Every structure is written in structure tokens, then in C-alpha cells.
Amino acid sequence: MANVTVIGAQWGDEGKGKVVDWLSSRADVVVRFQGGHNAGHTLVVGNQTYKLSLLPSGLVRGKLGVIGNGVVIDPEALLAEIARVRAQGLTVTPETLRIADNAVLILPVHGAIDRAREAARGAHRIGTTGRGIGPAYEDKVARRAIRVCDLAEPETLSHKLDELLLHHNTLLHGLGAETFEKQALLDRLLALAPDILPYAEPVWERLDDLRRAGKRILFEGAQAVMLDVDHGTYPFVTSSNTVAATAASGAGIAPSAIGFVLGIAKAYTTRVGSGPFPTELTDDIGKLLGERGHEFGTVTGRPRRCGWFDAVLVRQAVKVGGVQGLVLTKLDVLDGLAELKVCTGYRIDGELVKRLPAAMGAQARAEPVYEVMEGWSGSTRGARSWAELPAQAVKYVKRVEELVEAQVTLLSTSPERDDTILVHDPFEG
Ligand code: IMP
């Protein structure tokens, strides 16, 4: 029995929440392995809408949730999210949620640095969520981060805070922002410790046990391949690796255990924040896609930039992300459009290229080369079989498969969990 890993194949917000929810009802455990509360997963279950940022989506289905070492955890945001979903009737206890004791913590100082640096960048800002994700990952790599396990050792915590604040207060001071006082931060963390520590453990061991017991593990990615710190549109990216390989290192499990890799892509493209977006539409069609697709950021509420499906980008995400099967979402948003365009290449400085280059300037100059397809007049919304789809919609999906060099495993036709066309069961490998 295979495990399944789900990652985004564009710039995020592809509808991973629904897919993960659909899959988690068939899994035993759901694992987050990178990112933090910059992610926003919306799950519609009956008449309840859950907005999760840090908690693994499987909790909504009563499945064990695991937050792996690759995640950066804001302990205050985590406790607030737990309180919020509890108020909606969910059970979250140390029996249903486990957190890696070696995961890195996001502290208030990280958010302050994130926002101060963005303000200093002015027009060149990345458009981060301002939640301290980047600075927390920087501290991890710089070997000065506070980790979950440090909450159990007040002395260690105190020493580490000295080093951490020496670095950050120097920066904050230079940026003209308010600095942090060590004792206040220490007291704040020690006050949180009794609420966080009951969830903490070496999750790699639990995952190893679960795997050997034949349990189904679902690895839930956040953000997407084009926001990957190595493979994305750097520097307009997040600060973690979002490719499927990260599921192994970010949870502490063998690469061979991550199972079948599903890449989620919208039938068109969106992006929040700054950075290159070759197929962006600033016209009425872009506006229509945004309105019909309810394209507003789950975390920040920012309107998302919208554009045509970029097959070059998704093909690249399939290759570098390790995607074995594609989930195409929000096809219904394209219903009724007379003509559809799909990007099949870029023209950069007069040359036709079939990949997004690494250099920032070349990315910004990439002009999309389109293949024009006829639209469909019928509705795809809520379809649960290929037979219910207009012929032209099927053609569109088939062409996407060809261009991105991956087969569609699932087609999602509305936000409702059961409005899905299953082509291949990913848990069968
Ligand atoms: P950060 O992750 O807050 O540092 O933001 C870096 C970039 O990633 C910004 O462009 C954000 O808008 C984008 N980003 C971060 N998380 C998400 C997400 O869950 N969906 C879409 N974009 C995201």
C-alpha cells in the first residue's frame, strides 16, 4: 500500500486543501513537512468552512496530524489556530496532534524583521506574508534557531536567546525598527512551554512505527514548486523547499516512503505577492477569472493575480518536483469562455525557450507563446465523470496532460469534496 505526497505545481493556492481533505479520509495520518502559517488551506466540510494554516488537514477528518521538523512553527499562532478549530467542534489533543521536537520556532522577532525588511525593499518587495517565515528559516541554517525541544530547557533557551537577539536587534536597530528585550521574550516562551510541550516528540520514530505497521501516510505540502527556494522564481519565493523530496527530509523518513507524488495545478494560473508571471492577464478576462475563482489569499486576503494556464511552468514543476500524477482543479472557472489560451513556450530576447530560465531578468522578460483553443459552452461544475464534461473541456484536459508530460490522476470540478473525477487511485501507487 503506497503513501501519497501532495505538492503545489504552480505558485500556490491550487486547491490543495480540498484534495488533501479528499485523500485524508482514506489515510491514517497526515504530515506537514515544510512551510509554516504562511500557508492557507480552506476545507469545506458540510456547512463548516475550516481555514487551516499550520495544522495538518487530516485533523478535520479525525486523523492523526503530524507537524514535521521541516515546518517552522509560531507557537502563538499554533495555539490560536487550535483554539479556533476547537471552537468549530474539532478535537485537537496530544493524542491527535504530534509535533517534531526538532522543529524550528518562529518568534515575534522574526515577524518584525520580515516586515521591516519588506518595508525597506519598497518597490522591490517580495510580497511575503509578513509572518516571519524567511527569518526563521535563516536562523535555522545559521544554527541559532530556537527549536521546540528548547522550551523544555530554560537555561538553553536563555543562552540561545542571547545569541539570537544580538543578531536580530542589531538588524532591527539598523532598519530603524523596535528592538526586543530578552527577559520579556524568555518569559513569553516559558509561559507557552506547558501548552506546546505535550505535543512534542521525535516524530520520525512514530512515523517509522506507523510505516512498518502498514499505515497510510499522506504528506501535505504547502506553497508550491514555483515558490521553492531553489527551483522557484527566486528571489520571489518562500524560504523552504516545496518539492516532493522535502517530504522525506522534512519529516525524517526515507525518500522511498513518500509514495505517489501528486502535483496540484489550477486549470489557469494565479499568484499572490510579487515576481514574474508571464501569462498574467490584467484585462477583463483576468478580472473574470479572479471573481469566478474567488481568488483572494486565504492568509492575507490579498487579491491574487490571474492568468492563462502556463504549461511550460507546470511541466518544469512536474520534472523538478517529482510529480507522478496531476490533479487539475477549478476547470469550471473556464466555463463559457469562447477562447482559451495555453502557454507552450516563452520568447526571451527573440529566442523561443521551453523552460523558465533561472535568471531574474530573463524571467521578467519572458513573453508567453500561446496555443489558442476553443472554449466550451456547457458547464463542468460538479461533474463526477468524464461523460458529464463537454467534449471541448475533455480536449483541454488532454492537451494539458500532453504539454506538461503528466497524466491527470484527479479532476476537481467544484469546491465540494465529492465533485471529483478519479482517474487513478494514488494510494494504489
Ligand atoms: P513568505 O513565505 O511569507 O516568505 O512569502 C514569500 C512568497 O511566497 C510571497 O510571494 C507569498 O505571497 C508567497 N506565499 C507564501 N505562502 C503562500 C501560500 O500558501 N500560497 C501562495 N503563496 C504563498
# chains A, B, ... in the order shown; residues from 1 in each chain; ligands from 1

$ residues_near_ligand --ligand "ligand 1" --cutoff "6 Å" --atoms "only C-alpha atoms and all ligand atoms" --output "list in words"
Trp11, Gly12, Asp13, Asn38, Ala39, Gly40, Ile126, Gly127, Thr128, Thr129, Gly130, Arg131, Ile133, Gly134, Ala222, Gln223, Leu227, Phe236, Val237, Thr238, Ser239, Val272, Gly273 and Ser274 of chain A

$ closest_atom_pairs --of "segment 219-329 of chain A" --to "segment 421-427 of chain A" --cutoff "9 Å" --atoms "only C-alpha atoms" --output "Markdown table"
| residue | atom | partner | partner_atom | distance |
| --- | --- | --- | --- | --- |
| A:Gly259 | CA | A:Phe427 | CA | 8.1 |
| A:Phe260 | CA | A:Pro426 | CA | 6.1 |
| A:Val261 | CA | A:Pro426 | CA | 8.1 |
| A:Leu262 | CA | A:Pro426 | CA | 7.7 |
| A:Gly325 | CA | A:Pro426 | CA | 8.0 |

$ write_last_selection --atoms "N, CA and C atoms" --output "short mmCIF file (atom, residue, chain, number, x, y, z; two decimals), in the first residue's frame"
data_model
loop_
_atom_site.label_atom_id
_atom_site.label_comp_id
_atom_site.auth_asym_id
_atom_site.auth_seq_id
_atom_site.Cartn_x
_atom_site.Cartn_y
_atom_site.Cartn_z
N GLY A 259 5.99 7.81 -1.27
CA GLY A 259 4.90 7.26 -2.07
C GLY A 259 4.65 8.00 -3.37
N PHE A 260 3.41 7.92 -3.81
CA PHE A 260 3.00 8.50 -5.09
C PHE A 260 2.91 10.02 -4.95
N VAL A 261 3.51 10.74 -5.87
CA VAL A 261 3.54 12.21 -5.76
C VAL A 261 2.49 12.84 -6.67
N LEU A 262 1.56 13.53 -6.03
CA LEU A 262 0.53 14.24 -6.76
C LEU A 262 0.87 15.73 -6.83
N GLY A 325 1.58 12.26 -10.85
CA GLY A 325 0.21 12.39 -11.32
C GLY A 325 -0.27 13.80 -11.04
#

$ select_by_dssp --residues "segment 219-357 of chain A" --states "helix (DSSP H, G or I)" --output "tab-separated table (two decimals) with C-alpha atoms, in the first residue's frame"
chain	number	residue	atom	x	y	z
A	225	VAL	CA	7.18	24.31	-6.72
A	226	MET	CA	7.43	27.78	-8.28
A	227	LEU	CA	7.83	29.18	-4.75
A	246	THR	CA	11.31	17.63	1.07
A	247	ALA	CA	8.60	15.34	2.44
A	248	ALA	CA	11.38	12.89	3.37
A	249	SER	CA	13.82	15.34	4.93
A	255	PRO	CA	12.79	9.07	0.34
A	256	SER	CA	11.31	5.75	-0.75
A	257	ALA	CA	8.48	6.17	1.80
A	284	ASP	CA	-11.25	41.80	-18.17
A	285	ILE	CA	-10.54	38.08	-18.55
A	286	GLY	CA	-8.04	38.25	-15.68
A	287	LYS	CA	-10.67	40.04	-13.61
A	288	LEU	CA	-13.29	37.45	-14.53
A	289	LEU	CA	-11.03	34.56	-13.50
A	290	GLY	CA	-10.36	36.29	-10.17
A	291	GLU	CA	-14.04	36.89	-9.49
A	292	ARG	CA	-15.28	33.48	-10.57
A	311	ALA	CA	2.16	24.57	-19.41
A	312	VAL	CA	5.86	25.43	-19.51
A	313	LEU	CA	5.83	26.27	-15.84
A	314	VAL	CA	3.81	23.22	-14.80
A	315	ARG	CA	5.96	20.90	-16.93
A	316	GLN	CA	9.02	22.27	-15.16
A	317	ALA	CA	7.29	21.80	-11.76
A	318	VAL	CA	6.43	18.22	-12.72
A	319	LYS	CA	10.08	17.48	-13.52
A	320	VAL	CA	11.85	19.19	-10.62
A	321	GLY	CA	9.08	18.48	-8.10
A	331	LEU	CA	-11.83	23.74	-14.52
A	332	ASP	CA	-15.32	25.18	-14.02
A	333	VAL	CA	-13.89	28.71	-13.75
A	334	LEU	CA	-13.17	28.48	-17.50

$ residues_around --residues "Met373 of chain A" --least-positions-apart "6" --cutoff "12 Å" --atoms "only C-alpha atoms" --output "NGL selection string"
:A and (308-309 or 334 or 337-343 or 392-400)

$ write_last_selection --atoms "C-alpha atoms" --output "PDB file, in the first residue's frame"
ATOM      1  CA  TRP A 308      -3.811  31.660 -18.540  1.00  0.00           C
ATOM      2  CA  PHE A 309      -2.554  28.149 -17.864  1.00  0.00           C
ATOM      3  CA  LEU A 334     -13.169  28.476 -17.504  1.00  0.00           C
ATOM      4  CA  LEU A 337     -15.146  31.392 -22.256  1.00  0.00           C
ATOM      5  CA  ALA A 338     -15.184  31.469 -26.054  1.00  0.00           C
ATOM      6  CA  GLU A 339     -11.458  31.019 -26.390  1.00  0.00           C
ATOM      7  CA  LEU A 340      -8.754  29.690 -24.104  1.00  0.00           C
ATOM      8  CA  LYS A 341      -5.020  30.153 -24.277  1.00  0.00           C
ATOM      9  CA  VAL A 342      -2.315  27.829 -23.031  1.00  0.00           C
ATOM     10  CA  CYS A 343       1.304  28.912 -22.817  1.00  0.00           C
ATOM     11  CA  GLN A 392     -14.062  20.571 -25.637  1.00  0.00           C
ATOM     12  CA  ALA A 393     -13.305  20.528 -21.891  1.00  0.00           C
ATOM     13  CA  VAL A 394     -12.010  16.961 -22.211  1.00  0.00           C
ATOM     14  CA  LYS A 395      -9.835  18.139 -25.118  1.00  0.00           C
ATOM     15  CA  TYR A 396      -8.427  20.914 -22.950  1.00  0.00           C
ATOM     16  CA  VAL A 397      -7.522  18.479 -20.170  1.00  0.00           C
ATOM     17  CA  LYS A 398      -5.913  16.050 -22.654  1.00  0.00           C
ATOM     18  CA  ARG A 399      -3.854  18.834 -24.201  1.00  0.00           C
ATOM     19  CA  VAL A 400      -2.694  19.938 -20.745  1.00  0.00           C
TER      20      VAL A 400
END

$ residues_around --residues "Arg304 of chain A" --least-positions-apart "6" --cutoff "6 Å" --atoms "only C-alpha atoms" --output "list in words"
Arg271, Val272, Glu295 and Phe296 of chain A

$ atom_distance --atom1 "atom CA of Ala119 of chain A" --atom2 "atom CA of Leu165 of chain A"
20.6 Å

$ atom_distance --atom1 "atom CA of Thr279 of chain A" --atom2 "atom CA of Asp230 of chain A"
21.7 Å

$ atom_distance --atom1 "atom CA of Leu97 of chain A" --atom2 "atom CA of Asp195 of chain A"
12.6 Å

$ residues_around --residues "Leu107 of chain A" --least-positions-apart "5" --cutoff "9 Å" --atoms "only C-alpha atoms" --output "ChimeraX atom specification"
/A:73-76,132,136,146,185,189

$ residues_around --residues "Pro390 of chain A" --least-positions-apart "4" --cutoff "9 Å" --atoms "only C-alpha atoms" --output "PyMOL selection string"
chain A and resi 376-380+386+394-395
